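**Student:** A single structure is presented below for examination.
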Amino acid sequence: MNKLKSTALILLAIIAIVIGAPGLASAQTTEADYARATGLRAKYQPLALDVVDRGGWIGKTSRYWYRKSVAGGNEFWIADAAPKKKSLAFDHARLAAALTAATGEKFEALALPFTALTFSEDGKSIEFGAAGGRWSCDLATYSLKRLEGLAPRDPSGYPLSMWERGPAPQAASKEWKPSPDGKWEAAIRNYNLVLRAKGQKPETVLSRDGTEGDYYTFDSIAWSPDSKRIAACRLRRGHHRVIQYVESSPADQLQPKYHAMEYAKPGDVLDVERPVLFHVDTKARIEVDPALFPTPYEISALAWRADSRAFSFEYNERGHQTYRVVEVDGTTGAARAVVDERAKTFFTYSEWGGKKFRRDLADGREVVWMSERSGWNHLYLLDGATGAVKNPITAGEWVVRSVDRVDEAKRQVWFQACGVVPNQDPYFVDAYRANLDGTGLVRLTEPGANHVVSYSAEGAYFVDTRSRVDLASVTEIRNAADGKTVMIVEKSDISALVAAGWKAPEVFVAKGRDGVTDIWGVVFRPSNYDPARRYPVIEYIYAGPHDSYVPKSFRAFSSQQALAELGFIVSQCDGMGTSNRSKAFHDVCYKNLADAGFPDRILWHRALAAKDPSYDITRVGIYGNSAGGQNALAGLLFHPEFYKAGVSSCGCHDNRMDKIWWNEQWMGWPLGPEYAASSNVDNAAKLRGKLLLIVGEMDTNVDPASTMQVVNALIKANKVFDLLVIPSAGHGMGGAYGERKMYDFFVRSLLGAEPPNWNGVGPQQR
């Protein structure tokens, strides 16, 4: 009997090895694995040398400053395209010493506490943010001057007022806005527009309909160039929602702190602006007919034509399905649509990833306009008088990503685009130039890589950094006329990185749900990867429709690679519903954020598993933050047959709870049943897999109540899950502690292993 038992145990062990059962992984998940994962950034990052990560042109010169990695840290350099020479931007040791003396903190030459700076026009001084302040440094003497105002906020942080919409009622303005000829000035008094001769009394009241709830705004006042007319907006105040925060554990006091911020949500009544025209000589007030802008989400600043014949503004209609450029006659106040764009789904004219560009030529008689009217994002030359298309500037099954420069005299436009070059990654960005008549398309960068470009102020040069996930970066200055290389700025050296064991992520492509469209992704394997083993899979997801997210450029370190070190294969792909492909590809998300490209993602995973037996899709986890947090939980709720465990941090789990512009853009307005259908709160009872929720109590991007409402719904459904609330934390995964909690969660859930006993190890081992 004992012999039979022994034989059975041996067979079970063999089976475990073949199928990759959790028991095998359990024995291999140790503190050493965690140390390798958490120490990967410190190991890899310093080994990639001469990598340019920041830069900018200095005034209107041919000089470009940049920061690059060097042995021991980072240095700032200047490349000058005219003499084709490079030099250090300043004496790093002297600046570090000056900062140390000024602040009392210790700073080192190769570890200066800022990554970006601003050169003065003459290049003799710089400004930067450090030690909680803004500083100016004279590069001749290295004397420092602390400037007024705060240091720039870290881009990952969100000020409490970030999402505030509209000013408080302004009964009167302290300032006067002078006319261009200097003879007149306008201001706000008792919510109305008033006029006076400069510095004189009395004041003439131009409007009498302004009230506390419907008032003229000082910032909207726009004088015509001939000083004969004024355009201004009257603002009808909407509902200004305020959300409350309790900071439980402030650093500077024992008792909690209470915070509040304005935060408009989908469906809220918004401020409504309406332009009004005034004549200075007759004091006439002309109400502009709102037929062309009846339901504004937003109206842009009023801008007069140079000849004072009219003023224009852009109108984004609530629901993001109509977008117009409206021109108002400066004499009669009659309004007409210069551009009238309509979509069955949405326009991507938002703060992040917007497909929007307008440049008026010949004082508005022509317009360079960006549109997806063909089903692909392109540029058009429009007749400013009729709005008719004179000609497409670009065309084809590819995407214009951004416009860098328009030269009206040369009748040329410089722009960036992807998908033009056949048989390469359709997300790779290249730089182009074309004539405004639609001829002369010229690619200015080399194919086969992703390009990040920046043009000089005068447009003579551009800096081009090209790389791929598997190709180290090269930074050059090129001629903007023909794309020829002027000088090589830096070539990255990753020889030491490769020698240390770094391997580039694998690029994988598979067909999406339609069987035709390519879905692109990347795969990260542990450094001790063994193709004979089977590895649980973890997908990193962010399916926010405003962009695409799979990395295309070189990185020495990736957080996905660190997670893989624990014994996983980690992957990421861009499914349908994300941006930078065709309009049809993007429209999949409309009123259906729960889709998140999952049908494409699951097919992509299955195609990879069919090719690679080590890719074990019987054990798939998923994680993400923000919109990715919503997506990660949606994977568990709507596709439980595939996703078995998920970590969701700071998710916008119900799109009625999140910021207005992002959610109404994709989910529509007025609010319909689609919001509930996509809600992780309303669908929480569908949970079958294992879940860890993370939220920062001071998240000012996504209302933390969004996560807590999921918690409430899960409790009501009697579901089992884990919750981590980070005191005083903002919008993120919870820092190093949250990251380790995620590691532990996936080790338990997918490897079937027990993480190290962190309470039983010393601080130096954690």
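Identifiers for the structure tokens are assigned positionally: chains receive A, B, ... in sequence, residues are indexed from 1 per chain, and ligands are indexed from 1 in the order shown.
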So that I can check the surroundings of Asp289 of chain A, please list as a PyMOL selection string every protein, DNA and RNA residue that reaches within 10 Å of it, counting only C-alpha atoms and ignoring chain neighbours fewer than 5 positions away.

**Tutor:** chain A and resi 274-276+294+328+333-336

**Student:** Can you write out the residues you just picked, keeping N, CA and C atoms, as a PDB file, in the first residue's frame?

**Tutor:**
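Ended up saving to out.pdb:
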ATOM      1  N   ARG A 274     -23.562  82.613 -23.268  1.00  0.00           N
ATOM      2  CA  ARG A 274     -24.157  83.120 -24.503  1.00  0.00           C
ATOM      3  C   ARG A 274     -23.465  84.422 -24.871  1.00  0.00           C
ATOM      4  N   PRO A 275     -22.897  84.515 -26.071  1.00  0.00           N
ATOM      5  CA  PRO A 275     -22.217  85.740 -26.467  1.00  0.00           C
ATOM      6  C   PRO A 275     -23.190  86.876 -26.782  1.00  0.00           C
ATOM      7  N   VAL A 276     -22.786  88.074 -26.453  1.00  0.00           N
ATOM      8  CA  VAL A 276     -23.573  89.288 -26.703  1.00  0.00           C
ATOM      9  C   VAL A 276     -22.638  90.308 -27.351  1.00  0.00           C
ATOM     10  N   PRO A 294     -27.406  75.929 -29.026  1.00  0.00           N
ATOM     11  CA  PRO A 294     -28.508  75.880 -28.055  1.00  0.00           C
ATOM     12  C   PRO A 294     -28.186  75.180 -26.747  1.00  0.00           C
ATOM     13  N   VAL A 328     -19.809  85.335 -35.852  1.00  0.00           N
ATOM     14  CA  VAL A 328     -20.857  86.317 -35.588  1.00  0.00           C
ATOM     15  C   VAL A 328     -20.480  87.625 -36.262  1.00  0.00           C
ATOM     16  N   GLY A 333     -24.667  91.104 -35.651  1.00  0.00           N
ATOM     17  CA  GLY A 333     -24.803  90.043 -34.660  1.00  0.00           C
ATOM     18  C   GLY A 333     -25.338  88.751 -35.233  1.00  0.00           C
ATOM     19  N   ALA A 334     -25.486  88.681 -36.565  1.00  0.00           N
ATOM     20  CA  ALA A 334     -25.975  87.451 -37.193  1.00  0.00           C
ATOM     21  C   ALA A 334     -24.907  86.363 -37.098  1.00  0.00           C
ATOM     22  N   ALA A 335     -25.351  85.149 -36.752  1.00  0.00           N
ATOM     23  CA  ALA A 335     -24.422  84.032 -36.572  1.00  0.00           C
ATOM     24  C   ALA A 335     -24.547  83.045 -37.713  1.00  0.00           C
ATOM     25  N   ARG A 336     -23.411  82.465 -38.110  1.00  0.00           N
ATOM     26  CA  ARG A 336     -23.401  81.407 -39.114  1.00  0.00           C
ATOM     27  C   ARG A 336     -22.374  80.361 -38.718  1.00  0.00           C
TER      28      ARG A 336
END

**Student:** Excluding same-chain residues fewer than 6 positions from Arg41 of chain A, what lies within 10 Å of it counting only C-alpha atoms, as a list of chain:residue names?

**Tutor:**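 Neighbouring residues, sequence-local ones excluded: A:Ala556, A:Phe557, A:Ser558, A:Ser559, A:Gln561, A:Ala562.
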
**Student:** Mind dumping the selected residues with C-alpha atoms as a short mmCIF file (atom, residue, chain, number, x, y, z; two decimals), in the first residue's frame?

**Tutor:**
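Final file, selection11.cif:
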data_model
loop_
_atom_site.label_atom_id
_atom_site.label_comp_id
_atom_site.auth_asym_id
_atom_site.auth_seq_id
_atom_site.Cartn_x
_atom_site.Cartn_y
_atom_site.Cartn_z
CA ALA A 556 14.84 50.20 -19.53
CA PHE A 557 12.34 49.29 -16.83
CA SER A 558 8.69 48.31 -16.88
CA SER A 559 6.45 47.64 -13.91
CA GLN A 561 8.41 43.15 -16.07
CA ALA A 562 8.79 43.49 -12.30
#

**Student:** Which of segment 513-708 of chain A counts as alpha helix (DSSP H) under DSSP, as a PyMOL selection string please?

**Tutor:** chain A and resi 559-564+583-587+598-611+627-638+660-667+674-677+705-708

**Student:** For the residues in the current selection, export C-alpha atoms as a short mmCIF file (atom, residue, chain, number, x, y, z; two decimals), in the first residue's frame.

**Tutor:**
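Writing done, so here's again_6.cif:
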data_model
loop_
_atom_site.label_atom_id
_atom_site.label_comp_id
_atom_site.auth_asym_id
_atom_site.auth_seq_id
_atom_site.Cartn_x
_atom_site.Cartn_y
_atom_site.Cartn_z
CA SER A 559 6.45 47.64 -13.91
CA GLN A 560 4.97 44.74 -15.89
CA GLN A 561 8.41 43.15 -16.07
CA ALA A 562 8.79 43.49 -12.30
CA LEU A 563 5.49 41.68 -11.72
CA ALA A 564 6.53 38.92 -14.11
CA LYS A 583 -13.36 55.67 -36.29
CA ALA A 584 -15.18 52.32 -36.47
CA PHE A 585 -12.51 50.73 -34.25
CA HIS A 586 -12.99 53.56 -31.73
CA ASP A 587 -16.81 53.61 -31.83
CA PHE A 598 -12.63 42.24 -23.98
CA PRO A 599 -13.80 40.15 -26.97
CA ASP A 600 -10.58 41.17 -28.76
CA ARG A 601 -8.40 40.76 -25.69
CA ILE A 602 -9.62 37.25 -24.97
CA LEU A 603 -9.06 36.19 -28.59
CA TRP A 604 -5.58 37.73 -28.43
CA HIS A 605 -4.77 35.72 -25.28
CA ARG A 606 -6.10 32.52 -26.83
CA ALA A 607 -4.06 33.03 -29.99
CA LEU A 608 -0.92 33.50 -27.92
CA ALA A 609 -1.69 30.43 -25.82
CA ALA A 610 -2.17 28.37 -29.00
CA LYS A 611 1.31 29.43 -30.10
CA ALA A 627 -10.40 53.66 -16.05
CA GLY A 628 -8.19 50.57 -15.88
CA GLY A 629 -9.58 49.93 -12.41
CA GLN A 630 -13.07 49.98 -13.87
CA ASN A 631 -11.90 47.66 -16.66
CA ALA A 632 -10.20 45.21 -14.30
CA LEU A 633 -13.33 44.67 -12.24
CA ALA A 634 -15.48 44.59 -15.40
CA GLY A 635 -13.33 41.71 -16.63
CA LEU A 636 -14.24 39.70 -13.54
CA LEU A 637 -17.93 40.64 -13.67
CA PHE A 638 -18.66 40.30 -17.39
CA ILE A 660 -18.53 64.82 -16.48
CA TRP A 661 -16.53 65.42 -19.64
CA TRP A 662 -14.85 62.02 -19.81
CA ASN A 663 -17.98 60.00 -19.11
CA GLU A 664 -20.55 61.95 -21.11
CA GLN A 665 -18.11 61.83 -24.03
CA TRP A 666 -18.19 58.05 -24.23
CA MET A 667 -21.47 57.12 -22.49
CA GLU A 674 -26.41 52.22 -20.80
CA TYR A 675 -24.86 53.76 -17.68
CA ALA A 676 -26.42 51.10 -15.45
CA ALA A 677 -25.59 48.33 -17.93
CA ALA A 705 -17.18 56.98 -3.24
CA SER A 706 -17.17 55.15 -6.57
CA THR A 707 -15.10 52.36 -5.01
CA MET A 708 -17.03 52.39 -1.75
#

**Student:** Contacts of Arg305 of chain A at 8 Å or less, counting only C-alpha atoms, minus same-chain residues fewer than 6 places along, as JSON, numbers by chain?

**Tutor:** {"A": [224, 225, 311, 312, 363, 364]}

**Student:** When you look at Val702 of chain A with a cut-off of 9 Å (counting only C-alpha atoms), what residues show up, excluding the ones that are within fewer than 4 positions of it in the same chain? I need them as a CSV table (one decimal) with N, CA and C atoms, in the first residue's frame.

**Tutor:**
chain,number,residue,atom,x,y,z
A,626,SER,N,-7.7,53.5,-12.2
A,626,SER,CA,-8.6,54.6,-12.8
A,626,SER,C,-9.6,53.9,-13.8
A,650,CYS,N,-8.8,52.6,-7.6
A,650,CYS,CA,-9.3,53.9,-7.9
A,650,CYS,C,-10.2,53.9,-9.2
A,651,GLY,N,-11.0,52.9,-9.3
A,651,GLY,CA,-11.8,52.7,-10.5
A,651,GLY,C,-13.0,53.6,-10.6
A,652,CYS,N,-13.3,54.1,-11.8
A,652,CYS,CA,-14.5,54.9,-12.0
A,652,CYS,C,-15.6,53.8,-12.3
A,657,MET,N,-20.8,58.5,-11.6
A,657,MET,CA,-20.2,59.0,-10.4
A,657,MET,C,-18.9,59.7,-10.7
A,658,ASP,N,-18.4,59.6,-12.0
A,658,ASP,CA,-17.1,60.2,-12.3
A,658,ASP,C,-17.2,61.5,-13.0
A,659,LYS,N,-16.1,62.1,-13.4
A,659,LYS,CA,-16.1,63.5,-14.0
A,659,LYS,C,-16.9,63.5,-15.2
A,706,SER,N,-16.9,56.1,-5.5
A,706,SER,CA,-17.2,55.2,-6.6
A,706,SER,C,-16.7,53.8,-6.1
A,731,HIS,N,-4.7,59.4,-6.4
A,731,HIS,CA,-5.2,58.6,-7.5
A,731,HIS,C,-4.1,57.7,-8.0

**Student:** Between A:Asp482, A:Asp703, A:Asp616, A:Asp91, single out the one closest to Leu751 of chain A, counting only C-alpha atoms.

**Tutor:**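 Among A:Asp482, A:Asp703, A:Asp616, A:Asp91, it is A:Asp616 that comes nearest to Leu751 of chain A.
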
**Student:** Looking only at the backbone, which of the residues in segment 240-470 of chain A does DSSP tag as strand (DSSP E or B), as a count of residues only?

**Tutor:** 112
